[in-house]
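Engineer: Sharing a structure below in structure tokens format, with a few things to ask.
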Amino acid sequence: MARNIVDTLQPRKTIPATLLGVGLGVGAGSLLAASVSALAGYFARRVVTPEERRIGNSMIREVVTDAEGKLWLHFVKDADTNQPGPCIFLTEFDACALRLSAPADVPGKPRLVARKIEHVYRGSLEGVRRGYLSGAIYEHPEDLGFIAEDVVVPLEGGDGPAWLVRGTTNKDVWVIGVHGRGARRNESIRALPALGSMGVTALLMSYRNDGLAPHAPDGRYGLGDTEWLDVQAGIKFALDHGAQQIILLGWSMGGAISLQTADRSELADRIDSLMLVGPVINWVDVLSHQARANKIPQSVGRFAQWLLSNKAGRWVTGQAAPVNLRRLNWVDRASELKHPTLIMHSRDDEFVPNGPSLKLAALRPDLVTLRTFTKAGHTREPNVDPQGFSNAITNFLDKRIAANEPSSQH
């Protein structure tokens, strides 16, 4: 259309001004529609495509040695680098991994924030200028003194590596850790102190597309709509190895996965309860929030949701099948919730707002126990308030174990 308009502007032809105006309008409209489609497609693809190369935008300005010989990293201060609590610093392809302290001010340099290097897992800072920060601060259960066995869970696409931390006083009570989008099984390690104090067994599993378990055929996330099948395999593994009472511990998207497992699995009646950290209760709410946060127009965000949830969008997103966003909305489906559920969610979660968690808790006070946190970013509740996080888990587990006392005899 744009090429035809250019041709009509040549002197040899005369076009009525009104018609030319219509042609320009149609051309501009086509360009706008194309731009909307491209942006919506990019947004939709990003949501369901695993990030194999994660570079990060946290900038290191200085590496400083203090009077005690400890190394500190001085970052450019922003919402991420100044987030409360300890974190892990990872470089591209996770080549360098450092556990860092909570943030501290840099005297005389208000635009910088300091974090002490508490442990070097691997790699070197030589030539490193930026990376990304994560709340999953431990690399292996041994970092907290827990003995973990390397096991594999048979998944649809092949073997999924997992860690098995055997319990003591309540060893037939199994908590299955289900990590979030872009994370791995080590996300659940932060819960091990609380789980260990209750003497339960922990299975920290992997699932499709997480970089450890096999990829799904389409290589795309299902946002919980497909991954629940892998958690079902984890439940079967637990039952085959002596579990009598099973509790799912889901983080972020792992919360959505856990809810789908409890709703759709043929083994749903073997699930006692759920514990969810910063969970995705309603993907539509999360996607709308992310669109606003990235300054994407509302209409573009809605179109991206349409692409994700309709067959016609598959050629854009690369999904084998659309995501059923309605089925993933547990605010609208609150009456269908069947399992006792602990929700731990920060009011200051910048990635998955806690509004849907609050709504679900208000709609189902008979099943949902809500523990709200403050100042913690997304799934950083155990980093910012480790005692409060531990208490929430142990209090909930104590009640669940007591409620199933006949099945937890040793």
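Going through the structure tokens in order, the chains are called A, B, and so on, while each chain numbers its residues from 1 and the ligands are numbered from 1 in the order shown.
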Please identify all polymer residues within 9 Å of Thr372 (chain A), counting only C-alpha atoms, omitting same-chain residues fewer than 6 positions from it, and present them as a list in words.
Structural biologist: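 Returned residues: Ile343, Met344, His345, Ser346, Arg347, Asn354 and Leu358 of chain A.
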Engineer: Using only C-alpha atoms, which residues sit within 12 Å of Leu308 (chain A) once same-chain residues fewer than 4 positions away are excluded, as a ChimeraX atom specification?
Structural biologist: /A:40-49,220-223,225,283-284,287,301-304,312-326
Engineer: Write to file, as a CSV table (one decimal), in the first residue's frame, the residues of the selection just made, with C-alpha atoms.
Structural biologist:
```csv
chain,number,residue,atom,x,y,z
A,40,ALA,CA,2.5,-8.4,20.5
A,41,GLY,CA,4.2,-11.4,18.8
A,42,TYR,CA,7.5,-10.5,20.4
A,43,PHE,CA,6.0,-10.2,23.9
A,44,ALA,CA,4.1,-13.5,23.5
A,45,ARG,CA,7.2,-15.3,22.3
A,46,ARG,CA,9.2,-14.0,25.2
A,47,VAL,CA,6.7,-15.3,27.7
A,48,VAL,CA,6.8,-18.9,26.5
A,49,THR,CA,10.5,-19.1,25.2
A,220,ARG,CA,8.2,-23.8,24.8
A,221,TYR,CA,6.8,-23.2,28.3
A,222,GLY,CA,3.2,-24.1,28.9
A,223,LEU,CA,2.9,-21.7,31.9
A,225,ASP,CA,-0.7,-26.0,31.3
A,283,TRP,CA,-1.7,-15.4,34.3
A,284,VAL,CA,-3.8,-12.7,32.7
A,287,LEU,CA,0.8,-10.6,31.7
A,301,GLY,CA,-0.8,-6.8,25.7
A,302,ARG,CA,-4.3,-8.1,25.1
A,303,PHE,CA,-3.4,-9.2,21.6
A,304,ALA,CA,-0.3,-11.0,23.0
A,312,ALA,CA,-4.0,-19.1,15.3
A,313,GLY,CA,-1.1,-17.7,17.4
A,314,ARG,CA,1.0,-20.8,17.3
A,315,TRP,CA,2.9,-19.8,14.1
A,316,VAL,CA,4.0,-16.7,16.0
A,317,THR,CA,4.8,-18.2,19.4
A,318,GLY,CA,6.1,-21.6,18.3
A,319,GLN,CA,3.8,-23.4,20.7
A,320,ALA,CA,2.5,-26.9,19.8
A,321,ALA,CA,-0.8,-25.9,21.4
A,322,PRO,CA,-2.3,-22.7,22.9
A,323,VAL,CA,-2.2,-22.0,26.6
A,324,ASN,CA,-5.6,-22.2,28.3
A,325,LEU,CA,-5.4,-18.9,30.3
A,326,ARG,CA,-8.9,-19.4,31.6
```
Engineer: Using only C-alpha atoms, can you tell me which of A:Thr379, A:Asn82, A:Asn391, A:Thr369 comes closest to Ala183 (chain A)?
Structural biologist: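 For Ala183 (chain A), the nearest of the given residues is A:Thr379.
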Engineer: Taking only C-alpha atoms into account, name the residue in A:Thr91, A:Ser357, A:Ser299, A:Asn186 that is nearest to Gly255 (chain A).
Structural biologist: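 Selected residue with least distance to Gly255 (chain A): A:Ser357.
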Engineer: Name the closest residue to Arg130 (chain A) among the candidates A:Ala162, A:Val36, A:Leu90, A:Ile393; distances are taken between atoms, counting only C-alpha atoms.
Structural biologist: A:Leu90
Engineer: Which one of A:Val106, A:Leu125, A:Ile189, A:Leu360 sits closest to Glu139 (chain A) if you count only C-alpha atoms?
Structural biologist: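 So, comparing all the options, the nearest one is A:Ile189.
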Engineer: For the strand (DSSP E or B) assignment from backbone DSSP, which residues of region 160-227 of chain A qualify? Please present them as JSON, numbers by chain.
Structural biologist: {"A": [160, 161, 162, 163, 164, 165, 170, 171, 172, 173, 174, 175, 176, 177, 178, 200, 201, 202, 203, 204, 205]}
Engineer: Would you export the selected residues with N, CA and C atoms as a compact mmCIF listing (two decimals), in the first residue's frame, please?
Structural biologist:
```txt
# COMPACT_ATOMS: atom_id res chain seq x y z
N GLY A 160 14.44 -36.74 34.34
CA GLY A 160 14.59 -35.42 34.93
C GLY A 160 15.44 -35.50 36.19
N PRO A 161 16.62 -34.86 36.22
CA PRO A 161 17.47 -34.89 37.41
C PRO A 161 16.76 -34.27 38.61
N ALA A 162 16.98 -34.86 39.77
CA ALA A 162 16.37 -34.35 41.00
C ALA A 162 17.29 -34.62 42.18
N TRP A 163 17.10 -33.85 43.22
CA TRP A 163 17.78 -34.10 44.50
C TRP A 163 16.78 -34.68 45.47
N LEU A 164 17.19 -35.70 46.18
CA LEU A 164 16.36 -36.30 47.21
C LEU A 164 17.04 -36.11 48.56
N VAL A 165 16.40 -35.35 49.44
CA VAL A 165 16.89 -35.13 50.80
C VAL A 165 15.97 -35.91 51.73
N ASN A 170 9.59 -37.54 60.12
CA ASN A 170 8.41 -37.63 59.26
C ASN A 170 8.83 -37.99 57.84
N LYS A 171 9.62 -39.05 57.71
CA LYS A 171 10.24 -39.36 56.43
C LYS A 171 9.24 -39.77 55.36
N ASP A 172 8.03 -40.21 55.74
CA ASP A 172 7.05 -40.59 54.72
C ASP A 172 6.18 -39.41 54.28
N VAL A 173 6.44 -38.23 54.84
CA VAL A 173 5.83 -36.98 54.36
C VAL A 173 6.81 -36.38 53.35
N TRP A 174 6.39 -36.28 52.10
CA TRP A 174 7.26 -35.79 51.03
C TRP A 174 6.80 -34.41 50.56
N VAL A 175 7.75 -33.47 50.51
CA VAL A 175 7.51 -32.16 49.92
C VAL A 175 8.24 -32.12 48.59
N ILE A 176 7.50 -31.89 47.52
CA ILE A 176 8.08 -31.85 46.18
C ILE A 176 8.25 -30.40 45.75
N GLY A 177 9.50 -29.98 45.56
CA GLY A 177 9.79 -28.61 45.17
C GLY A 177 9.61 -28.42 43.67
N VAL A 178 8.79 -27.42 43.29
CA VAL A 178 8.51 -27.12 41.88
C VAL A 178 8.96 -25.69 41.61
N VAL A 200 10.79 -33.91 57.36
CA VAL A 200 10.13 -34.45 56.17
C VAL A 200 11.15 -34.71 55.07
N THR A 201 10.76 -35.49 54.09
CA THR A 201 11.59 -35.77 52.92
C THR A 201 11.33 -34.71 51.86
N ALA A 202 12.37 -34.27 51.17
CA ALA A 202 12.23 -33.26 50.12
C ALA A 202 12.73 -33.82 48.80
N LEU A 203 11.94 -33.64 47.76
CA LEU A 203 12.33 -33.99 46.40
C LEU A 203 12.35 -32.69 45.60
N LEU A 204 13.54 -32.26 45.20
CA LEU A 204 13.69 -31.02 44.43
C LEU A 204 13.88 -31.43 42.98
N MET A 205 12.83 -31.28 42.20
CA MET A 205 12.82 -31.86 40.86
C MET A 205 13.01 -30.82 39.76
```
Engineer: Rounded to one decimal place, report the CA of Arg122 (chain A)-CA of Val151 (chain A) distance in Å.
Structural biologist: 23.4 Å
Engineer: Counting only C-alpha atoms, what is within 10 Å of Arg327 (chain A), bar same-chain residues fewer than 5 positions away, as a ChimeraX atom specification?
Structural biologist: /A:224-225,260,263,282-283,332-333
Engineer: With N, CA and C atoms retained, export the selected residues as a PDB file, in the first residue's frame.
Structural biologist:
```
ATOM      1  N   GLY A 224       2.383 -23.776  32.989  1.00  0.00           N
ATOM      2  CA  GLY A 224       1.664 -24.649  33.925  1.00  0.00           C
ATOM      3  C   GLY A 224       0.676 -25.556  33.240  1.00  0.00           C
ATOM      4  N   ASP A 225       0.288 -25.210  32.010  1.00  0.00           N
ATOM      5  CA  ASP A 225      -0.721 -25.960  31.284  1.00  0.00           C
ATOM      6  C   ASP A 225      -0.200 -27.298  30.764  1.00  0.00           C
ATOM      7  N   GLN A 260      -2.266 -26.688  38.810  1.00  0.00           N
ATOM      8  CA  GLN A 260      -2.765 -27.524  37.714  1.00  0.00           C
ATOM      9  C   GLN A 260      -2.614 -29.005  38.035  1.00  0.00           C
ATOM     10  N   ASP A 263      -5.278 -30.092  40.289  1.00  0.00           N
ATOM     11  CA  ASP A 263      -6.588 -30.051  39.642  1.00  0.00           C
ATOM     12  C   ASP A 263      -6.758 -31.151  38.606  1.00  0.00           C
ATOM     13  N   ASN A 282      -3.108 -16.130  38.571  1.00  0.00           N
ATOM     14  CA  ASN A 282      -3.872 -15.740  37.383  1.00  0.00           C
ATOM     15  C   ASN A 282      -2.900 -15.159  36.366  1.00  0.00           C
ATOM     16  N   TRP A 283      -2.635 -15.890  35.293  1.00  0.00           N
ATOM     17  CA  TRP A 283      -1.656 -15.439  34.299  1.00  0.00           C
ATOM     18  C   TRP A 283      -2.094 -14.158  33.586  1.00  0.00           C
ATOM     19  N   ASP A 332     -10.992 -16.770  39.298  1.00  0.00           N
ATOM     20  CA  ASP A 332     -12.294 -17.138  38.742  1.00  0.00           C
ATOM     21  C   ASP A 332     -12.680 -18.570  39.110  1.00  0.00           C
ATOM     22  N   ARG A 333     -11.688 -19.427  39.336  1.00  0.00           N
ATOM     23  CA  ARG A 333     -11.957 -20.832  39.630  1.00  0.00           C
ATOM     24  C   ARG A 333     -11.843 -21.133  41.129  1.00  0.00           C
TER      25      ARG A 333
END
```
